[in-house]
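So this one's input05.cif, mmCIF, C-alpha atoms and all ligand atoms; chains and numbers go by the auth columns:
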```cif
data_upload
loop_
_atom_site.group_PDB
_atom_site.id
_atom_site.type_symbol
_atom_site.label_atom_id
_atom_site.label_comp_id
_atom_site.label_asym_id
_atom_site.label_seq_id
_atom_site.Cartn_x
_atom_site.Cartn_y
_atom_site.Cartn_z
_atom_site.B_iso_or_equiv
_atom_site.auth_seq_id
_atom_site.auth_asym_id
ATOM 1 C CA MET A 1 4.106 -71.892 -132.691 0.00 1 A
ATOM 2 C CA LYS A 2 6.688 -69.611 -134.274 0.00 2 A
ATOM 3 C CA LEU A 3 6.548 -65.840 -134.309 0.00 3 A
ATOM 4 C CA ARG A 4 8.266 -63.872 -137.022 0.00 4 A
ATOM 5 C CA TYR A 5 9.265 -60.634 -135.386 0.00 5 A
ATOM 6 C CA SER A 6 11.402 -57.526 -135.525 0.00 6 A
ATOM 7 C CA PRO A 7 12.652 -56.204 -132.194 0.00 7 A
ATOM 8 C CA THR A 8 11.284 -52.653 -132.401 0.00 8 A
ATOM 9 C CA SER A 9 7.878 -53.300 -134.005 0.00 9 A
ATOM 10 C CA PRO A 10 5.075 -52.068 -131.736 0.00 10 A
ATOM 11 C CA TYR A 11 2.649 -54.491 -133.404 0.00 11 A
ATOM 12 C CA VAL A 12 4.982 -57.353 -132.491 0.00 12 A
ATOM 13 C CA ARG A 13 5.121 -55.930 -128.973 0.00 13 A
ATOM 14 C CA LYS A 14 1.320 -56.261 -128.767 0.00 14 A
ATOM 15 C CA VAL A 15 1.617 -59.956 -129.585 0.00 15 A
ATOM 16 C CA SER A 16 4.537 -60.521 -127.195 0.00 16 A
ATOM 17 C CA ALA A 17 2.779 -58.688 -124.332 0.00 17 A
ATOM 18 C CA THR A 18 -0.434 -60.621 -125.021 0.00 18 A
ATOM 19 C CA ALA A 19 1.450 -63.933 -124.921 0.00 19 A
ATOM 20 C CA ILE A 20 3.056 -62.985 -121.591 0.00 20 A
ATOM 21 C CA GLU A 21 -0.284 -61.844 -120.098 0.00 21 A
ATOM 22 C CA LEU A 22 -1.787 -65.198 -121.088 0.00 22 A
ATOM 23 C CA GLY A 23 1.151 -67.338 -119.917 0.00 23 A
ATOM 24 C CA LEU A 24 1.776 -68.556 -123.473 0.00 24 A
ATOM 25 C CA ALA A 25 5.157 -66.968 -124.214 0.00 25 A
ATOM 26 C CA GLY A 26 7.008 -70.228 -123.529 0.00 26 A
ATOM 27 C CA GLN A 27 5.083 -71.934 -126.335 0.00 27 A
ATOM 28 C CA ILE A 28 6.265 -69.462 -128.966 0.00 28 A
ATOM 29 C CA GLU A 29 9.609 -69.770 -130.747 0.00 29 A
ATOM 30 C CA ARG A 30 10.763 -66.392 -132.004 0.00 30 A
ATOM 31 C CA ILE A 31 12.249 -65.950 -135.506 0.00 31 A
ATOM 32 C CA PRO A 32 14.009 -62.612 -136.068 0.00 32 A
ATOM 33 C CA THR A 33 12.932 -61.231 -139.428 0.00 33 A
ATOM 34 C CA ASN A 34 14.248 -58.304 -141.417 0.00 34 A
ATOM 35 C CA THR A 35 11.249 -57.388 -143.556 0.00 35 A
ATOM 36 C CA GLN A 36 13.469 -55.338 -145.899 0.00 36 A
ATOM 37 C CA ASP A 37 15.429 -58.481 -146.812 0.00 37 A
ATOM 38 C CA ARG A 38 13.697 -60.352 -149.646 0.00 38 A
ATOM 39 C CA ASP A 39 15.596 -63.494 -148.644 0.00 39 A
ATOM 40 C CA SER A 40 14.098 -63.424 -145.136 0.00 40 A
ATOM 41 C CA GLY A 41 11.209 -65.583 -146.378 0.00 41 A
ATOM 42 C CA ILE A 42 8.602 -63.332 -144.757 0.00 42 A
ATOM 43 C CA ALA A 43 6.565 -63.151 -147.984 0.00 43 A
ATOM 44 C CA GLU A 44 6.063 -66.939 -147.885 0.00 44 A
ATOM 45 C CA HIS A 45 4.344 -66.511 -144.542 0.00 45 A
ATOM 46 C CA ASN A 46 2.713 -63.131 -145.011 0.00 46 A
ATOM 47 C CA PRO A 47 2.185 -61.919 -148.587 0.00 47 A
ATOM 48 C CA LEU A 48 2.100 -58.368 -147.202 0.00 48 A
ATOM 49 C CA GLY A 49 5.715 -58.840 -146.108 0.00 49 A
ATOM 50 C CA LYS A 50 5.016 -57.640 -142.557 0.00 50 A
ATOM 51 C CA VAL A 51 5.639 -58.767 -139.027 0.00 51 A
ATOM 52 C CA PRO A 52 4.151 -60.037 -136.794 0.00 52 A
ATOM 53 C CA ALA A 53 3.238 -63.332 -138.478 0.00 53 A
ATOM 54 C CA LEU A 54 2.460 -66.395 -136.372 0.00 54 A
ATOM 55 C CA ILE A 55 3.214 -69.823 -137.860 0.00 55 A
ATOM 56 C CA LEU A 56 0.987 -72.445 -136.289 0.00 56 A
ATOM 57 C CA ASP A 57 2.027 -76.003 -135.470 0.00 57 A
ATOM 58 C CA ASP A 58 -0.110 -77.306 -138.387 0.00 58 A
ATOM 59 C CA GLY A 59 1.751 -74.990 -140.804 0.00 59 A
ATOM 60 C CA GLY A 60 -1.039 -72.414 -141.054 0.00 60 A
ATOM 61 C CA VAL A 61 -0.103 -68.757 -140.645 0.00 61 A
ATOM 62 C CA LEU A 62 -1.925 -65.912 -138.916 0.00 62 A
ATOM 63 C CA TYR A 63 -1.469 -62.157 -139.361 0.00 63 A
ATOM 64 C CA ASP A 64 -1.898 -59.335 -138.457 0.00 64 A
ATOM 65 C CA SER A 65 -1.555 -58.418 -134.767 0.00 65 A
ATOM 66 C CA PRO A 66 -5.319 -58.204 -133.967 0.00 66 A
ATOM 67 C CA VAL A 67 -5.868 -61.674 -135.452 0.00 67 A
ATOM 68 C CA ILE A 68 -2.829 -63.199 -133.723 0.00 68 A
ATOM 69 C CA CYS A 69 -3.768 -61.711 -130.346 0.00 69 A
ATOM 70 C CA GLU A 70 -7.335 -62.999 -130.594 0.00 70 A
ATOM 71 C CA TYR A 71 -6.050 -66.435 -131.598 0.00 71 A
ATOM 72 C CA LEU A 72 -3.754 -66.545 -128.543 0.00 72 A
ATOM 73 C CA ASP A 73 -6.690 -65.478 -126.373 0.00 73 A
ATOM 74 C CA SER A 74 -8.648 -68.496 -127.694 0.00 74 A
ATOM 75 C CA LEU A 75 -5.974 -70.908 -126.411 0.00 75 A
ATOM 76 C CA HIS A 76 -6.661 -70.527 -122.696 0.00 76 A
ATOM 77 C CA GLU A 77 -9.551 -70.773 -120.276 0.00 77 A
ATOM 78 C CA GLY A 78 -8.607 -67.829 -118.013 0.00 78 A
ATOM 79 C CA PRO A 79 -9.954 -64.265 -118.063 0.00 79 A
ATOM 80 C CA LYS A 80 -10.111 -63.037 -121.647 0.00 80 A
ATOM 81 C CA LEU A 81 -8.299 -60.049 -123.133 0.00 81 A
ATOM 82 C CA PHE A 82 -11.015 -59.982 -125.809 0.00 82 A
ATOM 83 C CA PRO A 83 -14.289 -59.766 -123.864 0.00 83 A
ATOM 84 C CA GLU A 84 -16.630 -62.448 -125.150 0.00 84 A
ATOM 85 C CA ALA A 85 -19.778 -60.486 -125.988 0.00 85 A
ATOM 86 C CA GLY A 86 -21.683 -57.263 -125.596 0.00 86 A
ATOM 87 C CA PRO A 87 -20.568 -53.639 -125.206 0.00 87 A
ATOM 88 C CA ALA A 88 -17.294 -54.530 -123.411 0.00 88 A
ATOM 89 C CA ARG A 89 -16.165 -56.466 -126.499 0.00 89 A
ATOM 90 C CA TRP A 90 -16.937 -53.623 -128.901 0.00 90 A
ATOM 91 C CA THR A 91 -15.175 -51.126 -126.623 0.00 91 A
ATOM 92 C CA ALA A 92 -12.043 -53.292 -126.427 0.00 92 A
ATOM 93 C CA LEU A 93 -12.004 -53.847 -130.203 0.00 93 A
ATOM 94 C CA ARG A 94 -12.539 -50.149 -130.919 0.00 94 A
ATOM 95 C CA GLN A 95 -9.778 -49.184 -128.491 0.00 95 A
ATOM 96 C CA GLN A 96 -7.495 -51.704 -130.207 0.00 96 A
ATOM 97 C CA ALA A 97 -8.344 -50.058 -133.564 0.00 97 A
ATOM 98 C CA LEU A 98 -7.657 -46.621 -132.050 0.00 98 A
ATOM 99 C CA GLY A 99 -4.248 -47.747 -130.742 0.00 99 A
ATOM 100 C CA ASP A 100 -3.358 -49.469 -134.015 0.00 100 A
ATOM 101 C CA GLY A 101 -4.435 -46.349 -135.922 0.00 101 A
ATOM 102 C CA LEU A 102 -2.308 -44.157 -133.661 0.00 102 A
ATOM 103 C CA LEU A 103 0.619 -46.426 -134.474 0.00 103 A
ATOM 104 C CA ASP A 104 -0.116 -46.368 -138.207 0.00 104 A
ATOM 105 C CA ALA A 105 -0.086 -42.543 -138.179 0.00 105 A
ATOM 106 C CA ALA A 106 3.054 -42.414 -136.012 0.00 106 A
ATOM 107 C CA ILE A 107 4.908 -44.779 -138.341 0.00 107 A
ATOM 108 C CA LEU A 108 3.847 -42.839 -141.450 0.00 108 A
ATOM 109 C CA ARG A 109 5.075 -39.653 -139.774 0.00 109 A
ATOM 110 C CA MET A 110 8.335 -41.306 -138.748 0.00 110 A
ATOM 111 C CA LEU A 111 8.956 -42.524 -142.321 0.00 111 A
ATOM 112 C CA GLU A 112 8.230 -39.045 -143.706 0.00 112 A
ATOM 113 C CA THR A 113 10.301 -37.145 -141.148 0.00 113 A
ATOM 114 C CA VAL A 114 13.201 -39.452 -140.303 0.00 114 A
ATOM 115 C CA ARG A 115 13.632 -41.791 -143.243 0.00 115 A
ATOM 116 C CA ARG A 116 12.842 -39.609 -146.255 0.00 116 A
ATOM 117 C CA PRO A 117 15.586 -37.235 -147.449 0.00 117 A
ATOM 118 C CA GLU A 118 14.765 -33.722 -146.262 0.00 118 A
ATOM 119 C CA GLU A 119 14.214 -32.243 -149.726 0.00 119 A
ATOM 120 C CA PHE A 120 11.486 -34.801 -150.484 0.00 120 A
ATOM 121 C CA ARG A 121 9.529 -34.426 -147.230 0.00 121 A
ATOM 122 C CA TRP A 122 5.878 -33.488 -147.645 0.00 122 A
ATOM 123 C CA GLN A 123 4.857 -31.108 -144.853 0.00 123 A
ATOM 124 C CA VAL A 124 1.113 -31.388 -145.576 0.00 124 A
ATOM 125 C CA TRP A 125 1.316 -35.146 -145.066 0.00 125 A
ATOM 126 C CA ILE A 126 3.331 -34.773 -141.859 0.00 126 A
ATOM 127 C CA LYS A 127 0.702 -32.340 -140.523 0.00 127 A
ATOM 128 C CA HIS A 128 -2.092 -34.696 -141.545 0.00 128 A
ATOM 129 C CA GLN A 129 -0.556 -37.656 -139.683 0.00 129 A
ATOM 130 C CA THR A 130 0.300 -35.512 -136.659 0.00 130 A
ATOM 131 C CA ALA A 131 -3.352 -34.395 -136.413 0.00 131 A
ATOM 132 C CA LYS A 132 -4.459 -38.036 -136.361 0.00 132 A
ATOM 133 C CA MET A 133 -1.972 -38.780 -133.580 0.00 133 A
ATOM 134 C CA THR A 134 -3.198 -35.797 -131.533 0.00 134 A
ATOM 135 C CA GLN A 135 -6.858 -36.744 -131.997 0.00 135 A
ATOM 136 C CA ALA A 136 -6.218 -40.380 -131.049 0.00 136 A
ATOM 137 C CA LEU A 137 -4.263 -39.343 -127.948 0.00 137 A
ATOM 138 C CA ASP A 138 -7.069 -36.957 -126.932 0.00 138 A
ATOM 139 C CA ARG A 139 -9.605 -39.756 -127.346 0.00 139 A
ATOM 140 C CA PHE A 140 -7.516 -42.059 -125.124 0.00 140 A
ATOM 141 C CA GLU A 141 -7.210 -39.262 -122.561 0.00 141 A
ATOM 142 C CA ALA A 142 -11.023 -39.028 -122.494 0.00 142 A
ATOM 143 C CA GLU A 143 -11.299 -42.794 -121.964 0.00 143 A
ATOM 144 C CA ALA A 144 -8.362 -43.507 -119.643 0.00 144 A
ATOM 145 C CA SER A 145 -10.365 -42.984 -116.447 0.00 145 A
ATOM 146 C CA LYS A 146 -12.820 -45.678 -117.618 0.00 146 A
ATOM 147 C CA PHE A 147 -10.164 -48.333 -118.270 0.00 147 A
ATOM 148 C CA GLY A 148 -10.982 -51.255 -115.965 0.00 148 A
ATOM 149 C CA GLU A 149 -8.649 -53.132 -113.626 0.00 149 A
ATOM 150 C CA ALA A 150 -8.493 -56.239 -115.829 0.00 150 A
ATOM 151 C CA PRO A 151 -6.412 -55.661 -118.957 0.00 151 A
ATOM 152 C CA THR A 152 -8.048 -55.889 -122.385 0.00 152 A
ATOM 153 C CA ILE A 153 -6.579 -55.951 -125.869 0.00 153 A
ATOM 154 C CA GLY A 154 -7.596 -52.277 -126.108 0.00 154 A
ATOM 155 C CA GLN A 155 -5.412 -51.393 -123.138 0.00 155 A
ATOM 156 C CA ILE A 156 -2.478 -53.521 -124.332 0.00 156 A
ATOM 157 C CA THR A 157 -2.627 -51.772 -127.709 0.00 157 A
ATOM 158 C CA ALA A 158 -2.840 -48.341 -126.077 0.00 158 A
ATOM 159 C CA GLY A 159 0.139 -49.195 -123.845 0.00 159 A
ATOM 160 C CA CYS A 160 2.223 -50.379 -126.810 0.00 160 A
ATOM 161 C CA ALA A 161 1.283 -47.315 -128.863 0.00 161 A
ATOM 162 C CA LEU A 162 2.280 -44.933 -126.053 0.00 162 A
ATOM 163 C CA GLY A 163 5.506 -46.895 -125.540 0.00 163 A
ATOM 164 C CA TYR A 164 6.265 -46.483 -129.237 0.00 164 A
ATOM 165 C CA LEU A 165 5.758 -42.712 -128.984 0.00 165 A
ATOM 166 C CA ASP A 166 8.187 -42.606 -126.038 0.00 166 A
ATOM 167 C CA PHE A 167 10.654 -44.685 -128.058 0.00 167 A
ATOM 168 C CA ARG A 168 10.477 -42.880 -131.414 0.00 168 A
ATOM 169 C CA PHE A 169 9.119 -39.439 -130.516 0.00 169 A
ATOM 170 C CA PRO A 170 10.614 -38.543 -127.122 0.00 170 A
ATOM 171 C CA ASP A 171 10.163 -34.833 -127.938 0.00 171 A
ATOM 172 C CA LEU A 172 6.448 -35.134 -128.658 0.00 172 A
ATOM 173 C CA ASN A 173 5.526 -34.683 -124.964 0.00 173 A
ATOM 174 C CA TRP A 174 2.280 -36.597 -125.419 0.00 174 A
ATOM 175 C CA ARG A 175 1.763 -36.504 -121.610 0.00 175 A
ATOM 176 C CA GLU A 176 1.403 -32.724 -121.666 0.00 176 A
ATOM 177 C CA GLY A 177 -2.284 -31.853 -121.157 0.00 177 A
ATOM 178 C CA ARG A 178 -3.200 -35.528 -120.778 0.00 178 A
ATOM 179 C CA PRO A 179 -2.783 -36.246 -117.059 0.00 179 A
ATOM 180 C CA GLY A 180 -5.277 -39.132 -116.960 0.00 180 A
ATOM 181 C CA LEU A 181 -3.585 -41.019 -119.782 0.00 181 A
ATOM 182 C CA ALA A 182 -0.120 -40.306 -118.368 0.00 182 A
ATOM 183 C CA ALA A 183 -1.118 -41.695 -114.942 0.00 183 A
ATOM 184 C CA TRP A 184 -2.773 -44.745 -116.463 0.00 184 A
ATOM 185 C CA CYS A 185 0.299 -45.422 -118.632 0.00 185 A
ATOM 186 C CA GLU A 186 2.620 -45.150 -115.631 0.00 186 A
ATOM 187 C CA THR A 187 0.644 -47.835 -113.773 0.00 187 A
ATOM 188 C CA PHE A 188 0.016 -50.075 -116.791 0.00 188 A
ATOM 189 C CA ASN A 189 3.717 -50.005 -117.704 0.00 189 A
ATOM 190 C CA GLN A 190 4.528 -51.742 -114.413 0.00 190 A
ATOM 191 C CA ARG A 191 2.905 -54.938 -115.644 0.00 191 A
ATOM 192 C CA PRO A 192 5.526 -57.653 -116.317 0.00 192 A
ATOM 193 C CA ALA A 193 4.133 -58.029 -119.863 0.00 193 A
ATOM 194 C CA MET A 194 4.997 -54.386 -120.557 0.00 194 A
ATOM 195 C CA GLN A 195 8.324 -54.352 -118.699 0.00 195 A
ATOM 196 C CA GLU A 196 9.552 -57.493 -120.461 0.00 196 A
ATOM 197 C CA THR A 197 8.738 -56.102 -123.915 0.00 197 A
ATOM 198 C CA LEU A 198 10.109 -52.552 -123.710 0.00 198 A
ATOM 199 C CA PRO A 199 11.381 -51.475 -127.146 0.00 199 A
ATOM 200 C CA GLN A 200 15.139 -51.260 -127.442 0.00 200 A
ATOM 201 C CA ALA A 201 17.175 -49.679 -130.214 0.00 201 A
ATOM 202 C CA PRO A 202 19.193 -52.317 -132.116 0.00 202 A
ATOM 203 C CA LYS A 203 22.843 -52.404 -130.987 0.00 203 A
HETATM 204 N N1 LIG B . -1.618 -53.952 -139.155 0.00 301 B
HETATM 205 C C1 LIG B . -0.401 -54.695 -138.969 0.00 301 B
HETATM 206 C C2 LIG B . 0.789 -53.775 -139.133 0.00 301 B
HETATM 207 C C3 LIG B . 2.112 -54.546 -139.167 0.00 301 B
HETATM 208 C C4 LIG B . 3.260 -53.680 -139.650 0.00 301 B
HETATM 209 O O1 LIG B . 3.062 -52.623 -140.269 0.00 301 B
HETATM 210 N N2 LIG B . 4.497 -54.143 -139.367 0.00 301 B
HETATM 211 C C5 LIG B . 5.673 -53.414 -139.800 0.00 301 B
HETATM 212 C C6 LIG B . 6.715 -53.419 -138.687 0.00 301 B
HETATM 213 S S1 LIG B . 6.309 -52.253 -137.441 0.00 301 B
HETATM 214 C C7 LIG B . 6.282 -54.131 -140.985 0.00 301 B
HETATM 215 O O2 LIG B . 6.453 -55.325 -140.955 0.00 301 B
HETATM 216 N N3 LIG B . 6.640 -53.367 -142.027 0.00 301 B
HETATM 217 C C8 LIG B . 7.329 -53.892 -143.146 0.00 301 B
HETATM 218 C C9 LIG B . 6.731 -53.422 -144.442 0.00 301 B
HETATM 219 O O3 LIG B . 5.704 -52.707 -144.426 0.00 301 B
HETATM 220 O O4 LIG B . 7.285 -53.780 -145.470 0.00 301 B
HETATM 221 C C10 LIG B . -0.414 -55.387 -137.597 0.00 301 B
HETATM 222 O O5 LIG B . -1.197 -54.943 -136.733 0.00 301 B
HETATM 223 O O6 LIG B . 0.252 -56.416 -137.424 0.00 301 B
#
```

Give the structure from this file in structure tokens form.
Amino acid sequence: MKLRYSPTSPYVRKVSATAIELGLAGQIERIPTNTQDRDSGIAEHNPLGKVPALILDDGGVLYDSPVICEYLDSLHEGPKLFPEAGPARWTALRQQALGDGLLDAAILRMLETVRRPEEFRWQVWIKHQTAKMTQALDRFEAEASKFGEAPTIGQITAGCALGYLDFRFPDLNWREGRPGLAAWCETFNQRPAMQETLPQAPK
């Protein structure tokens, strides 16, 4: 398998952390991909032009991160990151959606605040995305005490989303007023899958 990736993408981090949790990282060749470069060939693998995209040994391609993570989870017989049936499955999938949505809002805010020239920034939009981030963080705070011992895709996504906030929004102080989530994150971050995939600014 080959993974098209960019080093700071939190969605790629989900896939990388999942592969490490499942003992599959050694089976994945990593292809650095600059999605802004039309010659990178990303569009041949993902018409949406986004990473992560996983190229399978038979030439098929999977995207996006929820699909890739569930595929990797299907390749082993051990404890599953995607619970197989019942309420635990729906909780894990919903928490994954909540973490992905937190990331989507954070990235939209980052593009509007950091990337767009100041005179073109739209404050209403920034406020709108910030409200989504706050609401998602509050929801995770309400659920953190119920996270189980065994990791799920919901927890991996939450961990990667919080790591992205630390990386891109160090002044946001998301821990303030959210002691349960902060404590959970501290413990979860000790997992090798999280330590080995910490986001790093390009040199
Ligand atoms: N829902 C997708 C989101 C992937 C995504 O937005 N990736 C970003 C990198 S963080 C990307 O490739 N952006 C390039 C673009 O939008 O052109 C997933 O979960 O994989």

Which residue is closest to Leu198 of chain A? Choose from A:Ala183, A:Leu162, A:Leu172, A:Ala150 and count all atoms listed in the file.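 Closest candidate: A:Leu162.
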
Please report, as JSON, the centre and edge lengths in Å to one decimal of an axis-aligned box covering all listed atoms of ligand LIG 301 (chain B) with 4 Å per side.
```
{"center_x": 2.9, "center_y": -54.3, "center_z": -141.1, "size_x": 16.9, "size_y": 12.2, "size_z": 16.7}
```

Care to translate the PyMOL selection byres (((not hetatm)) within 10 of (chain B and resi 301)) into actual residues of this file, as a PyMOL selection string? chain A and resi 4-15+33-37+42-43+46+48-53+62-69+96-97+99-101+103-104+107-108+157

d(atom CA of Gly59 of chain A, atom CA of Met194 of chain A) in Å: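 Interatomic distance here is 29.1 Å.
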
How many Å separate atom CA of Glu70 of chain A from atom CA of Leu111 of chain A?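 Here the two named atoms are 28.7 Å from each other.
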
Rounded to one decimal, what separation in Å do you get between atom CA of His76 of chain A and atom CA of Met1 of chain A? 14.8 Å

Output as a tab-separated table one row per residue of segment 127-187 of chain A within 10 Å of segment 88-91 of chain A: the closest atom pair and its distance in Å to one decimal place, counting all atoms listed in the file, sorted by chain and residue number ascending.
```
residue	atom	partner	partner_atom	distance
A:Thr152	CA	A:Arg89	CA	9.1
A:Ile153	CA	A:Arg89	CA	9.6
A:Gly154	CA	A:Thr91	CA	7.7
```

Take segment 174-183 of chain A, model all heavy atoms, and hand the result over as an mmCIF file, in the coordinates of the input.
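Generated output (part10.cif):
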```
data_model
loop_
_atom_site.group_PDB
_atom_site.id
_atom_site.type_symbol
_atom_site.label_atom_id
_atom_site.label_comp_id
_atom_site.auth_asym_id
_atom_site.auth_seq_id
_atom_site.Cartn_x
_atom_site.Cartn_y
_atom_site.Cartn_z
ATOM 1 N N TRP A 174 3.703 -36.255 -125.342
ATOM 2 C CA TRP A 174 2.280 -36.597 -125.419
ATOM 3 C C TRP A 174 1.586 -36.511 -124.057
ATOM 4 O O TRP A 174 0.367 -36.371 -123.982
ATOM 5 C CB TRP A 174 2.086 -37.989 -126.045
ATOM 6 C CG TRP A 174 2.632 -39.131 -125.230
ATOM 7 C CD1 TRP A 174 3.815 -39.761 -125.413
ATOM 8 C CD2 TRP A 174 2.005 -39.778 -124.110
ATOM 9 N NE1 TRP A 174 3.979 -40.751 -124.477
ATOM 10 C CE2 TRP A 174 2.877 -40.787 -123.669
ATOM 11 C CE3 TRP A 174 0.789 -39.617 -123.448
ATOM 12 C CZ2 TRP A 174 2.583 -41.619 -122.585
ATOM 13 C CZ3 TRP A 174 0.487 -40.438 -122.372
ATOM 14 C CH2 TRP A 174 1.381 -41.423 -121.954
ATOM 15 N N ARG A 175 2.367 -36.559 -122.958
ATOM 16 C CA ARG A 175 1.763 -36.504 -121.610
ATOM 17 C C ARG A 175 1.220 -35.109 -121.287
ATOM 18 O O ARG A 175 0.326 -34.982 -120.472
ATOM 19 C CB ARG A 175 2.789 -36.915 -120.552
ATOM 20 C CG ARG A 175 3.112 -38.407 -120.583
ATOM 21 C CD ARG A 175 4.266 -38.738 -119.644
ATOM 22 N NE ARG A 175 4.557 -40.157 -119.647
ATOM 23 C CZ ARG A 175 5.248 -40.775 -120.593
ATOM 24 N NH1 ARG A 175 5.751 -40.101 -121.615
ATOM 25 N NH2 ARG A 175 5.450 -42.078 -120.528
ATOM 26 N N GLU A 176 1.790 -34.103 -121.969
ATOM 27 C CA GLU A 176 1.403 -32.724 -121.666
ATOM 28 C C GLU A 176 -0.089 -32.524 -121.966
ATOM 29 O O GLU A 176 -0.556 -32.806 -123.074
ATOM 30 C CB GLU A 176 2.226 -31.775 -122.528
ATOM 31 C CG GLU A 176 2.346 -30.398 -121.955
ATOM 32 C CD GLU A 176 3.317 -29.569 -122.796
ATOM 33 O OE1 GLU A 176 4.518 -29.872 -122.774
ATOM 34 O OE2 GLU A 176 2.846 -28.673 -123.494
ATOM 35 N N GLY A 177 -0.846 -32.072 -120.970
ATOM 36 C CA GLY A 177 -2.284 -31.853 -121.157
ATOM 37 C C GLY A 177 -3.108 -33.128 -121.120
ATOM 38 O O GLY A 177 -4.312 -33.084 -121.378
ATOM 39 N N ARG A 178 -2.462 -34.260 -120.827
ATOM 40 C CA ARG A 178 -3.200 -35.528 -120.778
ATOM 41 C C ARG A 178 -2.852 -36.278 -119.480
ATOM 42 O O ARG A 178 -2.265 -37.368 -119.512
ATOM 43 C CB ARG A 178 -2.869 -36.396 -122.005
ATOM 44 C CG ARG A 178 -3.227 -35.727 -123.318
ATOM 45 C CD ARG A 178 -3.086 -36.681 -124.517
ATOM 46 N NE ARG A 178 -3.316 -35.951 -125.750
ATOM 47 C CZ ARG A 178 -2.352 -35.416 -126.507
ATOM 48 N NH1 ARG A 178 -1.072 -35.538 -126.164
ATOM 49 N NH2 ARG A 178 -2.655 -34.746 -127.606
ATOM 50 N N PRO A 179 -3.209 -35.680 -118.340
ATOM 51 C CA PRO A 179 -2.783 -36.246 -117.059
ATOM 52 C C PRO A 179 -3.381 -37.630 -116.775
ATOM 53 O O PRO A 179 -2.716 -38.478 -116.170
ATOM 54 C CB PRO A 179 -3.279 -35.217 -116.029
ATOM 55 C CG PRO A 179 -4.361 -34.449 -116.724
ATOM 56 C CD PRO A 179 -4.003 -34.442 -118.174
ATOM 57 N N GLY A 180 -4.627 -37.838 -117.221
ATOM 58 C CA GLY A 180 -5.277 -39.132 -116.960
ATOM 59 C C GLY A 180 -4.560 -40.252 -117.704
ATOM 60 O O GLY A 180 -4.288 -41.321 -117.141
ATOM 61 N N LEU A 181 -4.251 -40.001 -118.961
ATOM 62 C CA LEU A 181 -3.585 -41.019 -119.782
ATOM 63 C C LEU A 181 -2.163 -41.266 -119.275
ATOM 64 O O LEU A 181 -1.704 -42.414 -119.206
ATOM 65 C CB LEU A 181 -3.570 -40.549 -121.240
ATOM 66 C CG LEU A 181 -3.114 -41.566 -122.280
ATOM 67 C CD1 LEU A 181 -3.990 -42.815 -122.258
ATOM 68 C CD2 LEU A 181 -3.117 -40.947 -123.680
ATOM 69 N N ALA A 182 -1.498 -40.178 -118.885
ATOM 70 C CA ALA A 182 -0.120 -40.306 -118.368
ATOM 71 C C ALA A 182 -0.108 -41.167 -117.099
ATOM 72 O O ALA A 182 0.749 -42.050 -116.947
ATOM 73 C CB ALA A 182 0.456 -38.924 -118.083
ATOM 74 N N ALA A 183 -1.070 -40.927 -116.197
ATOM 75 C CA ALA A 183 -1.118 -41.695 -114.942
ATOM 76 C C ALA A 183 -1.459 -43.151 -115.219
ATOM 77 O O ALA A 183 -0.857 -44.071 -114.643
ATOM 78 C CB ALA A 183 -2.157 -41.080 -113.998
#
```
